[in-house]
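A.B. asks: Got a file for you: structure_16.txt, compact mmCIF, C-alpha atoms.
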```txt
# COMPACT_ATOMS: atom_id res chain seq x y z
CA MET U 17 -8.96 -24.97 1.09
CA SER U 18 -6.01 -26.66 2.81
CA GLN U 19 -3.56 -29.14 1.44
CA THR U 20 -1.15 -31.23 3.48
CA ILE U 21 0.35 -33.22 0.62
CA VAL U 22 2.20 -31.19 -2.02
CA GLY U 23 4.26 -32.64 -4.85
CA GLY U 24 4.46 -36.09 -3.25
CA MET U 25 5.79 -34.78 0.07
CA ASP U 26 3.90 -34.81 3.32
CA ARG U 27 3.59 -31.65 5.39
CA ARG U 28 6.67 -32.24 7.54
CA GLN U 29 8.86 -32.96 4.50
CA LEU U 30 7.60 -29.89 2.69
CA LEU U 31 8.29 -27.58 5.62
CA LYS U 32 11.78 -29.02 5.97
CA VAL U 33 12.55 -28.36 2.31
CA LEU U 34 11.29 -24.79 2.64
CA GLY U 35 13.37 -24.19 5.75
CA LEU U 36 10.22 -23.72 7.85
CA SER U 37 8.86 -25.45 10.88
CA ALA U 38 5.41 -25.55 12.39
CA ALA U 39 6.69 -23.67 15.43
CA ALA U 40 8.31 -21.02 13.25
CA ILE U 41 5.09 -20.01 11.60
CA GLY U 42 2.64 -19.97 14.40
CA GLY U 43 2.18 -23.54 15.53
CA ALA U 44 0.26 -25.23 12.71
CA SER U 45 0.55 -23.57 9.32
CA THR U 46 0.64 -25.23 5.93
CA LEU U 47 1.10 -24.00 2.41
CA THR U 48 -2.19 -24.01 0.59
CA ALA U 49 -3.22 -24.54 -2.99
CA CYS U 50 -4.46 -20.94 -2.91
CA GLY U 51 -0.86 -19.79 -3.18
CA GLY U 52 -0.40 -18.31 0.28
CA LEU U 53 0.04 -19.22 3.91
CA LYS U 54 -2.81 -20.67 5.87
CA GLY U 55 -3.01 -21.49 9.54
CA SER U 56 -4.55 -24.34 11.47
CA ALA U 57 -7.82 -25.71 10.19
CA SER U 58 -9.24 -25.93 13.72
CA GLY U 59 -12.87 -24.85 13.85
CA THR U 60 -12.97 -24.05 17.57
CA SER U 61 -13.94 -20.61 18.80
CA ASP U 62 -10.40 -20.20 20.14
CA VAL U 63 -9.22 -19.75 16.53
CA LEU U 64 -9.80 -16.37 14.92
CA LYS U 65 -9.62 -16.30 11.14
CA ILE U 66 -8.15 -13.38 9.20
CA GLY U 67 -8.72 -13.33 5.45
CA PHE U 68 -6.03 -11.46 3.51
CA VAL U 69 -6.60 -10.24 -0.06
CA SER U 70 -3.91 -8.68 -2.26
CA PRO U 71 -2.69 -8.58 -5.90
CA GLN U 72 0.04 -11.20 -5.70
CA THR U 73 0.15 -11.62 -9.49
CA GLY U 74 -0.60 -9.36 -12.45
CA PRO U 75 0.38 -5.73 -13.13
CA LEU U 76 -0.07 -4.69 -9.48
CA ALA U 77 2.00 -7.56 -8.06
CA SER U 78 4.73 -5.21 -6.80
CA PHE U 79 2.29 -4.13 -4.08
CA ALA U 80 2.24 -7.68 -2.71
CA SER U 81 5.87 -8.78 -3.01
CA ALA U 82 6.37 -8.83 0.76
CA ASP U 83 3.07 -10.46 1.70
CA ASN U 84 4.21 -13.97 2.55
CA TYR U 85 7.09 -12.65 4.63
CA VAL U 86 4.75 -10.43 6.64
CA VAL U 87 2.32 -13.30 7.20
CA LYS U 88 5.16 -15.40 8.56
CA GLN U 89 6.37 -12.61 10.86
CA VAL U 90 2.87 -12.11 12.25
CA GLN U 91 2.52 -15.85 12.85
CA GLN U 92 5.81 -15.86 14.73
CA ALA U 93 4.87 -12.84 16.83
CA LEU U 94 1.57 -14.49 17.80
CA ALA U 95 2.86 -18.05 18.14
CA LYS U 96 1.83 -18.20 21.80
CA GLY U 97 -1.55 -16.71 21.11
CA PHE U 98 -3.11 -13.61 22.65
CA THR U 99 -5.95 -12.84 25.00
CA ALA U 100 -9.26 -11.68 23.56
CA GLY U 101 -12.72 -12.02 25.01
CA GLY U 102 -11.35 -13.53 28.20
CA SER U 103 -9.53 -16.48 26.65
CA THR U 104 -6.36 -17.28 24.74
CA ARG U 105 -6.80 -17.14 20.98
CA GLN U 106 -4.82 -18.37 18.00
CA ILE U 107 -5.04 -16.88 14.54
CA GLU U 108 -5.46 -18.48 11.16
CA ILE U 109 -4.54 -16.42 8.08
CA VAL U 110 -6.10 -17.34 4.73
CA VAL U 111 -4.46 -15.63 1.76
CA LYS U 112 -6.20 -14.88 -1.54
CA ASP U 113 -4.73 -13.47 -4.77
CA THR U 114 -6.80 -10.99 -6.80
CA GLN U 115 -4.52 -11.42 -9.83
CA SER U 116 -4.78 -7.60 -10.06
CA ASN U 117 -8.41 -7.96 -11.13
CA SER U 118 -11.26 -6.15 -9.35
CA THR U 119 -13.84 -8.76 -10.29
CA ARG U 120 -11.68 -11.51 -8.86
CA ALA U 121 -11.11 -9.40 -5.73
CA THR U 122 -14.86 -9.50 -5.14
CA ALA U 123 -15.02 -13.24 -5.80
CA VAL U 124 -12.18 -14.25 -3.47
CA THR U 125 -13.53 -12.00 -0.72
CA LYS U 126 -16.86 -13.75 -1.03
CA GLU U 127 -15.01 -17.09 -0.75
CA LEU U 128 -13.32 -15.94 2.44
CA ILE U 129 -16.66 -14.97 3.94
CA THR U 130 -18.91 -17.83 2.81
CA GLN U 131 -16.50 -20.76 2.52
CA ASP U 132 -13.61 -19.99 4.87
CA GLN U 133 -15.91 -18.18 7.31
CA VAL U 134 -13.28 -15.66 8.36
CA ASP U 135 -13.85 -13.29 11.27
CA ILE U 136 -12.26 -10.31 9.54
CA VAL U 137 -10.91 -9.46 6.07
CA VAL U 138 -7.87 -7.27 5.45
CA GLY U 139 -6.63 -6.12 2.05
CA SER U 140 -4.01 -3.98 0.37
CA GLY U 141 -2.95 -2.58 -2.96
CA THR U 142 -4.74 0.31 -4.73
CA PRO U 143 -8.52 0.83 -5.14
CA ASP U 144 -8.57 -2.08 -7.59
CA THR U 145 -8.26 -4.27 -4.50
CA THR U 146 -9.48 -2.19 -1.57
CA ASN U 147 -12.80 -1.07 -3.03
CA PRO U 148 -14.28 -4.38 -4.18
CA VAL U 149 -13.00 -6.09 -1.03
CA ALA U 150 -14.54 -3.44 1.19
CA ASP U 151 -17.81 -3.43 -0.74
CA GLN U 152 -18.19 -7.18 -0.32
CA CYS U 153 -17.42 -6.99 3.40
CA GLU U 154 -19.85 -4.11 3.92
CA ALA U 155 -22.60 -6.00 2.14
CA SER U 156 -21.88 -9.16 4.15
CA GLY U 157 -21.49 -7.50 7.55
CA VAL U 158 -17.85 -8.56 8.02
CA PRO U 159 -15.22 -6.30 9.66
CA ASN U 160 -12.65 -5.07 7.17
CA ILE U 161 -9.46 -3.00 7.09
CA THR U 162 -7.67 -1.96 3.90
CA THR U 163 -4.70 0.20 3.01
CA ILE U 164 -2.57 1.66 0.18
CA ALA U 165 -5.42 3.50 -1.56
CA PRO U 166 -6.10 7.25 -1.43
CA TRP U 167 -8.98 7.74 0.98
CA GLU U 168 -11.02 9.76 -1.53
CA ALA U 169 -10.80 6.96 -4.10
CA TRP U 170 -11.84 4.46 -1.42
CA PHE U 171 -14.59 6.57 0.18
CA HIS U 172 -16.16 8.48 -2.70
CA GLY U 173 -15.43 5.64 -5.12
CA ARG U 174 -17.75 3.54 -2.94
CA SER U 175 -20.40 6.29 -2.62
CA GLY U 176 -19.64 6.94 1.01
CA VAL U 177 -21.96 9.37 2.81
CA SER U 178 -19.98 12.21 4.39
CA GLY U 179 -20.21 12.23 8.17
CA GLU U 180 -21.49 8.66 8.31
CA GLY U 181 -18.84 6.50 6.69
CA PHE U 182 -19.34 2.75 6.61
CA LYS U 183 -20.32 0.37 9.38
CA TYR U 184 -17.94 -2.53 8.72
CA THR U 185 -15.15 -1.16 6.53
CA THR U 186 -12.18 1.01 7.51
CA LEU U 187 -9.05 2.35 5.80
CA PHE U 188 -5.69 3.77 6.78
CA PHE U 189 -3.61 5.66 4.25
CA PHE U 190 -3.82 9.27 3.06
CA GLY U 191 -5.40 11.46 0.44
CA MET U 192 -5.07 14.47 -1.81
CA GLN U 193 -4.21 16.92 0.97
CA GLU U 194 -1.36 14.69 2.08
CA PHE U 195 -0.15 14.21 -1.48
CA ALA U 196 -0.13 18.00 -1.85
CA ASP U 197 1.67 18.36 1.48
CA CYS U 198 4.28 15.91 0.21
CA PHE U 199 4.73 17.07 -3.39
CA THR U 200 4.31 20.88 -3.31
CA PRO U 201 7.22 21.54 -0.90
CA MET U 202 9.48 19.74 -3.37
CA TRP U 203 7.99 21.63 -6.32
CA LYS U 204 8.64 24.94 -4.55
CA ARG U 205 12.28 24.05 -3.95
CA MET U 206 12.98 23.34 -7.62
CA ASP U 207 14.32 26.15 -9.83
CA VAL U 208 11.84 26.22 -12.74
CA SER U 209 10.75 28.88 -15.23
CA ASN U 210 7.02 28.48 -14.52
CA GLN U 211 4.57 26.74 -12.19
CA ASN U 212 3.17 24.32 -14.77
CA VAL U 213 2.82 20.71 -13.59
CA ALA U 214 2.31 17.97 -16.17
CA ALA U 215 -0.25 15.43 -14.95
CA LEU U 216 -0.47 11.96 -16.48
CA TRP U 217 -3.81 10.73 -15.19
CA PRO U 218 -5.69 7.77 -16.72
CA ASP U 219 -9.43 7.28 -16.55
CA ASP U 220 -9.78 5.18 -13.41
CA THR U 221 -10.91 5.57 -9.79
CA ASP U 222 -7.45 6.43 -8.50
CA ALA U 223 -6.56 9.03 -11.12
CA ASN U 224 -10.00 10.62 -11.10
CA ALA U 225 -9.56 11.27 -7.38
CA PHE U 226 -6.29 13.07 -8.18
CA ARG U 227 -7.85 14.96 -11.08
CA LYS U 228 -10.64 16.23 -8.86
CA GLY U 229 -8.76 16.59 -5.58
CA LEU U 230 -5.11 17.46 -6.22
CA THR U 231 -5.84 20.06 -8.90
CA PRO U 232 -7.51 22.67 -6.64
CA LEU U 233 -4.99 22.09 -3.84
CA ALA U 234 -2.07 22.68 -6.21
CA GLU U 235 -3.69 25.67 -7.88
CA ALA U 236 -4.32 27.26 -4.47
CA GLN U 237 -0.54 27.34 -4.09
CA GLY U 238 0.04 28.92 -7.50
CA PHE U 239 0.65 25.82 -9.61
CA LYS U 240 -1.15 25.08 -12.88
CA MET U 241 -2.01 21.45 -13.55
CA ILE U 242 -1.59 20.45 -17.20
CA ASP U 243 -3.85 17.41 -17.55
CA GLY U 244 -2.63 15.26 -20.43
CA GLY U 245 -6.12 13.83 -20.87
CA ALA U 246 -7.78 10.66 -19.64
CA PHE U 247 -6.69 7.36 -21.19
CA GLN U 248 -7.39 3.70 -20.62
CA ASN U 249 -5.03 1.56 -18.57
CA GLY U 250 -2.78 -0.45 -20.85
CA ALA U 251 -2.28 2.33 -23.40
CA SER U 252 0.89 1.97 -25.45
CA ASP U 253 1.31 5.38 -27.12
CA TYR U 254 1.70 8.58 -25.08
CA SER U 255 2.80 10.88 -27.89
CA SER U 256 -0.18 13.21 -27.49
CA GLN U 257 0.38 13.66 -23.76
CA ILE U 258 4.09 14.24 -24.24
CA ALA U 259 3.44 16.80 -26.99
CA LYS U 260 1.04 18.68 -24.72
CA PHE U 261 3.47 18.72 -21.79
CA LYS U 262 6.25 19.99 -24.03
CA ALA U 263 4.01 22.68 -25.56
CA GLU U 264 3.16 23.95 -22.06
CA ASN U 265 6.82 23.75 -20.99
CA ALA U 266 5.78 21.80 -17.91
CA GLU U 267 9.02 21.37 -15.99
CA LEU U 268 7.29 19.66 -13.07
CA PHE U 269 5.59 16.30 -13.52
CA THR U 270 3.22 14.07 -11.56
CA CYS U 271 1.16 10.99 -12.41
CA THR U 272 -1.05 8.13 -11.18
CA PRO U 273 -1.04 5.32 -13.78
CA ILE U 274 -0.51 1.60 -13.19
CA PRO U 275 3.24 0.77 -13.02
CA PRO U 276 3.64 -0.82 -16.50
CA ASP U 277 2.02 2.21 -18.12
CA PHE U 278 4.34 4.63 -16.37
CA GLN U 279 7.37 2.67 -17.52
CA THR U 280 6.10 2.87 -21.11
CA PHE U 281 5.40 6.59 -20.81
CA TRP U 282 8.71 7.45 -19.14
CA LYS U 283 10.72 5.65 -21.79
CA GLN U 284 8.77 7.37 -24.58
CA ALA U 285 9.21 10.74 -22.85
CA ALA U 286 12.98 10.27 -22.85
CA GLN U 287 12.93 9.21 -26.50
CA GLN U 288 10.87 12.29 -27.41
CA ASP U 289 13.07 14.58 -25.33
CA TYR U 290 10.54 15.46 -22.65
CA ARG U 291 12.66 15.63 -19.52
CA PRO U 292 10.92 17.45 -16.64
CA LYS U 293 13.22 18.90 -14.02
CA LEU U 294 11.37 17.14 -11.23
CA ALA U 295 9.07 14.14 -11.35
CA THR U 296 6.95 13.48 -8.24
CA VAL U 297 4.94 10.37 -8.97
CA ALA U 298 2.13 8.51 -7.18
CA LYS U 299 1.06 4.86 -7.42
CA VAL U 300 4.27 4.10 -9.30
CA MET U 301 7.96 3.90 -8.38
CA LEU U 302 6.93 2.85 -4.91
CA PHE U 303 8.92 -0.37 -4.97
CA PRO U 304 12.49 -1.40 -5.95
CA SER U 305 11.35 -3.67 -8.78
CA GLU U 306 10.00 -0.64 -10.63
CA ALA U 307 13.26 1.28 -10.27
CA GLU U 308 15.17 -1.75 -11.52
CA ALA U 309 12.87 -2.02 -14.54
CA LEU U 310 13.67 1.56 -15.62
CA GLY U 311 17.38 1.42 -14.84
CA LYS U 312 19.16 4.74 -15.19
CA LEU U 313 15.87 6.46 -16.06
CA SER U 314 14.89 6.00 -12.40
CA ASN U 315 17.50 8.45 -11.16
CA ASN U 316 16.00 11.09 -8.84
CA ILE U 317 12.38 10.28 -9.57
CA ALA U 318 10.60 11.38 -6.40
CA THR U 319 7.62 9.71 -4.77
CA ASP U 320 5.59 9.61 -1.57
CA ILE U 321 7.15 7.56 1.23
CA TRP U 322 4.69 6.56 3.94
CA TRP U 323 6.85 3.80 5.47
CA SER U 324 10.55 3.01 5.37
CA PRO U 325 13.31 1.60 7.59
CA TYR U 326 14.03 5.22 8.52
CA HIS U 327 10.61 5.77 10.10
CA PRO U 328 10.82 5.68 13.93
CA TYR U 329 8.05 3.10 14.38
CA LYS U 330 7.80 -0.39 15.87
CA SER U 331 5.44 -3.36 16.07
CA SER U 332 2.66 -3.39 18.63
CA LEU U 333 2.85 -7.21 18.52
CA ASP U 334 6.46 -7.83 19.54
CA GLY U 335 8.40 -4.53 19.42
CA THR U 336 10.15 -5.18 16.09
CA THR U 337 11.36 -1.84 14.69
CA ALA U 338 10.83 -0.63 11.14
CA GLN U 339 14.55 -1.05 10.52
CA GLN U 340 14.51 -4.60 11.87
CA LEU U 341 11.50 -5.52 9.74
CA ALA U 342 13.22 -4.23 6.60
CA ASP U 343 16.55 -5.88 7.46
CA GLY U 344 14.86 -9.19 8.26
CA PHE U 345 13.04 -9.17 4.94
CA ALA U 346 16.28 -8.55 3.05
CA GLU U 347 18.15 -11.22 4.99
CA GLU U 348 15.52 -13.92 4.52
CA THR U 349 14.45 -13.21 0.94
CA GLY U 350 17.50 -11.50 -0.55
CA ASN U 351 15.17 -8.74 -1.71
CA GLN U 352 15.04 -5.07 -0.86
CA TRP U 353 12.50 -3.61 1.55
CA THR U 354 9.26 -2.22 0.17
CA GLN U 355 6.82 0.27 1.65
CA ALA U 356 4.11 -2.38 1.67
CA LEU U 357 6.03 -4.24 4.40
CA GLY U 358 4.91 -1.74 7.02
CA SER U 359 1.39 -1.29 5.68
CA VAL U 360 0.57 -4.99 5.40
CA TYR U 361 2.08 -5.63 8.82
CA SER U 362 -0.20 -2.98 10.30
CA LEU U 363 -3.27 -4.61 8.77
CA PHE U 364 -2.67 -7.58 11.06
CA GLU U 365 -1.78 -5.38 14.04
CA LEU U 366 -5.12 -3.62 13.70
CA ALA U 367 -7.04 -6.87 13.23
CA VAL U 368 -5.52 -8.28 16.42
CA GLU U 369 -6.17 -5.05 18.31
CA GLY U 370 -9.79 -5.12 17.13
CA PHE U 371 -10.13 -8.67 18.47
CA LYS U 372 -8.53 -7.67 21.77
CA GLN U 373 -10.73 -4.62 22.32
CA ALA U 374 -14.00 -6.38 21.52
CA SER U 375 -15.94 -7.98 24.34
CA ASP U 376 -16.44 -10.94 22.02
CA PRO U 377 -13.95 -11.20 19.12
CA LYS U 378 -16.46 -13.39 17.27
CA ASP U 379 -19.05 -10.60 17.36
CA ARG U 380 -18.60 -8.92 13.98
CA ASP U 381 -20.52 -5.78 14.94
CA ASP U 382 -18.43 -5.34 18.08
CA VAL U 383 -15.12 -5.79 16.25
CA ALA U 384 -16.19 -3.43 13.45
CA ASP U 385 -17.17 -0.79 15.99
CA LYS U 386 -13.80 -1.08 17.74
CA LEU U 387 -11.99 -0.65 14.41
CA ARG U 388 -14.00 2.44 13.49
CA ASN U 389 -13.10 4.02 16.84
CA MET U 390 -9.52 2.81 17.16
CA ASN U 391 -6.58 5.03 18.12
CA THR U 392 -3.37 3.05 18.29
CA VAL U 393 0.35 3.10 17.49
CA GLY U 394 2.31 0.40 15.68
CA MET U 395 4.49 -0.38 12.69
CA SER U 396 2.85 2.40 10.63
CA GLY U 397 3.07 4.91 13.46
CA PRO U 398 0.04 6.57 15.05
CA LEU U 399 -3.29 5.63 13.45
CA ASP U 400 -6.40 7.41 14.74
CA PHE U 401 -9.62 6.31 13.04
CA THR U 402 -11.70 8.78 15.04
CA LYS U 403 -10.28 11.95 13.49
CA GLY U 404 -11.43 11.45 9.94
CA PRO U 405 -11.50 13.09 7.39
CA GLU U 406 -14.46 10.68 7.49
CA PRO U 407 -15.46 8.11 10.12
CA GLY U 408 -13.33 4.99 10.01
CA ILE U 409 -10.37 6.54 8.18
CA ALA U 410 -6.91 7.02 9.70
CA ILE U 411 -4.49 9.38 7.98
CA GLN U 412 -0.76 8.90 7.44
CA HIS U 413 1.63 11.68 6.41
CA PRO U 414 4.08 10.66 3.67
CA VAL U 415 7.45 12.33 3.14
CA GLY U 416 9.32 12.91 -0.10
CA GLY U 417 11.94 10.42 -1.26
CA GLN U 418 14.03 10.06 -4.42
CA TRP U 419 15.41 6.96 -6.13
CA ARG U 420 19.20 6.94 -6.34
CA LYS U 421 21.91 4.39 -7.03
CA GLY U 422 22.28 2.15 -4.03
CA THR U 423 25.12 0.27 -2.42
CA LYS U 424 23.73 -3.10 -1.30
CA PHE U 425 20.97 -2.98 -3.93
CA ASP U 426 20.88 -1.35 -7.35
CA TRP U 427 18.51 1.44 -6.30
CA ASP U 428 17.47 2.85 -2.95
CA ILE U 429 15.29 5.61 -1.57
CA THR U 430 16.79 8.76 -0.05
CA ILE U 431 14.44 10.86 2.08
CA VAL U 432 14.82 14.41 0.76
CA ASP U 433 11.90 16.31 2.28
CA ASN U 434 10.20 15.67 5.62
CA THR U 435 7.93 18.73 5.70
CA PRO U 436 4.77 16.64 6.37
CA ASN U 437 6.39 14.44 9.06
CA PRO U 438 9.50 15.88 10.78
CA ASP U 439 9.89 12.69 12.84
CA VAL U 440 11.35 11.00 9.75
CA PRO U 441 15.00 12.04 9.28
CA VAL U 442 16.18 13.54 5.98
CA GLY U 443 18.95 11.53 4.35
CA GLY U 444 20.03 13.82 1.51
CA ASP U 445 19.31 16.93 -0.56
CA LEU U 446 16.54 17.25 -3.13
CA GLU U 447 18.03 16.95 -6.62
CA ALA U 448 16.65 17.53 -10.11
CA THR U 449 15.29 14.43 -11.83
CA ASN U 450 16.66 15.79 -15.09
CA ALA U 451 19.30 18.50 -14.60
```
Take the structure in this file and express it as structure tokens.

C.D. replies:
Amino acid sequence: MSQTIVGGMDRRQLLKVLGLSAAAIGGASTLTACGGLKGSASGTSDVLKIGFVSPQTGPLASFASADNYVVKQVQQALAKGFTAGGSTRQIEIVVKDTQSNSTRATAVTKELITQDQVDIVVGSGTPDTTNPVADQCEASGVPNITTIAPWEAWFHGRSGVSGEGFKYTTLFFFGMQEFADCFTPMWKRMDVSNQNVAALWPDDTDANAFRKGLTPLAEAQGFKMIDGGAFQNGASDYSSQIAKFKAENAELFTCTPIPPDFQTFWKQAAQQDYRPKLATVAKVMLFPSEAEALGKLSNNIATDIWWSPYHPYKSSLDGTTAQQLADGFAEETGNQWTQALGSVYSLFELAVEGFKQASDPKDRDDVADKLRNMNTVGMSGPLDFTKGPEPGIAIQHPVGGQWRKGTKFDWDITIVDNTPNPDVPVGGDLEATNA
């Protein structure tokens, strides 16, 4: 679905107004009625189509705030094309919005495959996106890469068979062991009266993976998980969970709700005088918009940091460093860097590398096989899909960071614990969330 006339302006006028040029975004891109960037509509075999699915609107939209910028950067890096299958290829990127809805994620993925006839589908932003996208690709025999979803929620949530994995679908991110490796060193450094950890876990694929996976890992290190009880996403009253956490004197806290629910809970916790000494949260407080929404209540909330400007990584496409990618995003958009910048960028790096390694980049089986067996280094650092924990999964190692008042922006991340990945420099001391 392409559109060259928008709001009474032809394509050249529109690009001029937006401060873009055809050369700047890969040679022949237009804005589409789908709400994203789309490349040339050429149907020749020299054009390789990448479908990109993410939650650009809805409650998970913070995961996709950098998407259009990344698409533009990738188009620029590949403006001259690249060699795959013995000839020079151009890419076309077709963007689809899930609206933070799993059913729609399935539908738009099907559109990419049957209508847009993409060669590969990439996707990002929690199991609500990654799982339905991957399921549709697996069923259709289309190569797929996804990210920003715990591997257990992606693998077991899709009934993966241990030791076999999937033929067409791959994932890079991390799982419960890596969350434990990130959170427990910070828990151990905090002066608390007991080892009780309050856990705010809803009843969904993501949280159930934490409930089943993080609990035994934490308990093996002497911690006791205080599960507040499963609840439905969108809940508005957390009094029962707060009462339980207070009764157990849980001075450590962790969680995996959707971002709006955490904001509701955290405000109610403050109102009801539940103030854990250290909060180490997952799935939430990953992006600046969430810190801004909570204001002063964001201070020293800790979370898992898998990518930042401080990571010593660079693009496999054009050598852009993590710092340069973050700075460029801030300069062009006026917005603060987000972790998804690096992850989404790497989706396209891997897609291109899969095309390059395949004997025929149009051969879906060949490309899928290359992705399952890929070992490469790029914007997200080293990614080895051959090491597991299951076939077709590459593991990252997040470090601990805390939200603190910033200088250029209202809030910024300070890396406070690099136990899982010493290559990332520490920028400050670990501090209590609530002293």

A.B. asks: Please indicate the distance in Å from atom CA of U:Val87 to atom CA of U:Ala155, rounded to one decimal place.

C.D. replies: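 That distance, rounded to one decimal, is 26.5 Å.
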
A.B. asks: Starting from the point (-7.7, 9.0, -17.9), work out which residues of protein, DNA or RNA have an atom no more than 10 Å away when counting all atoms listed in the file; state them as a PyMOL selection string.

C.D. replies: chain U and resi 216-224+227+243-249+272-273

A.B. asks: Please determine the residues with any atom at most 12 Å from (21.5, 17.0, 7.4) (coordinates as given in the file, with all atoms listed in the file counting) and report them as number ranges by chain.

C.D. replies: U: 431-434, 441-446

A.B. asks: What does the structure give for the distance between atom CA of U:Tyr326 and atom CA of U:Trp427, in Å to one decimal?

C.D. replies: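 These atoms are spaced 15.9 Å apart.
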
A.B. asks: Using only C-alpha atoms, which residue out of U:Glu406, U:Gln288, U:Thr430, U:Val415 lies closest to U:Glu180?

C.D. replies: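 Closest to U:Glu180, using only C-alpha atoms: U:Glu406.
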
A.B. asks: So which residues touch U:Leu341 within 9 Å, counting only C-alpha atoms, skipping near sequence neighbours fewer than 5 positions away, as a list in words?

C.D. replies: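 Here the answer would be Val86, Gln89, Pro325, Lys330, Thr336, Ala346, Trp353, Leu357 and Gly358 of chain U.
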
A.B. asks: Please provide as a PyMOL selection string all residues within 8 Å of stretch 118-133 of chain U, with the sequence filter that same-chain residues fewer than 4 positions apart are discarded (counting only C-alpha atoms).

C.D. replies: chain U and resi 17+65+67+69+110+112-114+137+144-145+148-149+152-153+156+158

A.B. asks: Please produce a file of the residues just selected, as an mmCIF file, in the coordinates of the input, where the atoms kept are C-alpha atoms.

C.D. replies:
```cif
data_model
loop_
_atom_site.group_PDB
_atom_site.id
_atom_site.type_symbol
_atom_site.label_atom_id
_atom_site.label_comp_id
_atom_site.auth_asym_id
_atom_site.auth_seq_id
_atom_site.Cartn_x
_atom_site.Cartn_y
_atom_site.Cartn_z
ATOM 1 C CA MET U 17 -8.960 -24.970 1.090
ATOM 2 C CA LYS U 65 -9.620 -16.300 11.140
ATOM 3 C CA GLY U 67 -8.720 -13.330 5.450
ATOM 4 C CA VAL U 69 -6.600 -10.240 -0.060
ATOM 5 C CA VAL U 110 -6.100 -17.340 4.730
ATOM 6 C CA LYS U 112 -6.200 -14.880 -1.540
ATOM 7 C CA ASP U 113 -4.730 -13.470 -4.770
ATOM 8 C CA THR U 114 -6.800 -10.990 -6.800
ATOM 9 C CA VAL U 137 -10.910 -9.460 6.070
ATOM 10 C CA ASP U 144 -8.570 -2.080 -7.590
ATOM 11 C CA THR U 145 -8.260 -4.270 -4.500
ATOM 12 C CA PRO U 148 -14.280 -4.380 -4.180
ATOM 13 C CA VAL U 149 -13.000 -6.090 -1.030
ATOM 14 C CA GLN U 152 -18.190 -7.180 -0.320
ATOM 15 C CA CYS U 153 -17.420 -6.990 3.400
ATOM 16 C CA SER U 156 -21.880 -9.160 4.150
ATOM 17 C CA VAL U 158 -17.850 -8.560 8.020
#
```

A.B. asks: Skipping near chain neighbours, those fewer than 4 positions away, what residues fall within 8 Å of U:Ser332 using only C-alpha atoms, listed as a list in words?

C.D. replies: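 So the residues in contact are Glu365, Val393, Gly394 and Met395 of chain U.
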
A.B. asks: Quick one, how far is atom CA of U:Lys299 from atom CA of U:Ala225?

C.D. replies: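 So the answer is 12.4 Å.
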
A.B. asks: For U:Gly102, which residue among U:Val297, U:Ala374, U:Ala169, U:Ile429 is the nearest when counting only C-alpha atoms?

C.D. replies: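 Counting only C-alpha atoms, the residue closest to U:Gly102 is U:Ala374.
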
A.B. asks: With distances taken over all atoms listed in the file, which of U:Phe188, U:Phe371, U:Phe269, U:Phe98 is nearest to U:Val213?

C.D. replies: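 For U:Val213, the nearest of the candidates is U:Phe269.
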
A.B. asks: Find, counting all atoms listed in the file, the residue in U:Glu267, U:Glu108, U:Glu369, U:Asp320 that gets nearest to U:Met241.

C.D. replies: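 Between U:Glu267, U:Glu108, U:Glu369, U:Asp320, the residue approaching U:Met241 most closely is U:Glu267.
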
A.B. asks: For each of U:Phe364, U:Phe195, U:Phe261, U:Trp282, take the minimum atom-to-atom distance to U:Phe226, counting all atoms listed in the file, then give the residue where this is smallest.

C.D. replies: U:Phe195

A.B. asks: Using only C-alpha atoms, determine which residues lie at most 8 Å from U:Ala309, disregarding the query and same-chain residues fewer than 3 positions distant; provide the list as a list in words.

C.D. replies: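 In the requested form, the answer reads Gln279, Ser305 and Glu306 of chain U.
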
A.B. asks: So, counting all atoms listed in the file, which residue among U:Gly350, U:Pro292, U:Gly157, U:Gly416 is closest to U:Asp379?

C.D. replies: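 Between U:Gly350, U:Pro292, U:Gly157, U:Gly416, the residue approaching U:Asp379 most closely is U:Gly157.
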
A.B. asks: Report as a list in words all protein, DNA and RNA residues lying within 8 Å of U:Lys386, evaluated on only C-alpha atoms, omitting residues in the same chain fewer than 2 positions from it.

C.D. replies: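 Residues near the query, excluding close chain neighbours: Gly370, Gln373, Ala374, Asp382, Val383, Ala384, Arg388, Asn389 and Met390 of chain U.
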
A.B. asks: With 6 Å added on each side, what axis-aligned box encloses every listed atom of stretch 145-150 of chain U? Give the centre and edge lengths in Å to one decimal, as JSON.

C.D. replies:
```
{"center_x": -11.4, "center_y": -3.6, "center_z": -1.7, "size_x": 18.3, "size_y": 17.0, "size_z": 17.7}
```

A.B. asks: Please complete stretch 144-148 of chain U with N, CA and C atoms and give it back as a compact mmCIF listing (two decimals), in the frame of the given file.

C.D. replies:
```
# COMPACT_ATOMS: atom_id res chain seq x y z
N ASP U 144 -8.19 -0.88 -6.85
CA ASP U 144 -8.57 -2.08 -7.59
C ASP U 144 -8.77 -3.27 -6.66
N THR U 145 -8.08 -3.23 -5.51
CA THR U 145 -8.26 -4.27 -4.50
C THR U 145 -9.15 -3.77 -3.36
N THR U 146 -8.82 -2.62 -2.80
CA THR U 146 -9.48 -2.19 -1.57
C THR U 146 -10.98 -1.97 -1.74
N ASN U 147 -11.38 -1.40 -2.87
CA ASN U 147 -12.80 -1.07 -3.03
C ASN U 147 -13.71 -2.28 -3.18
N PRO U 148 -13.41 -3.21 -4.08
CA PRO U 148 -14.28 -4.38 -4.18
C PRO U 148 -14.25 -5.25 -2.93
```
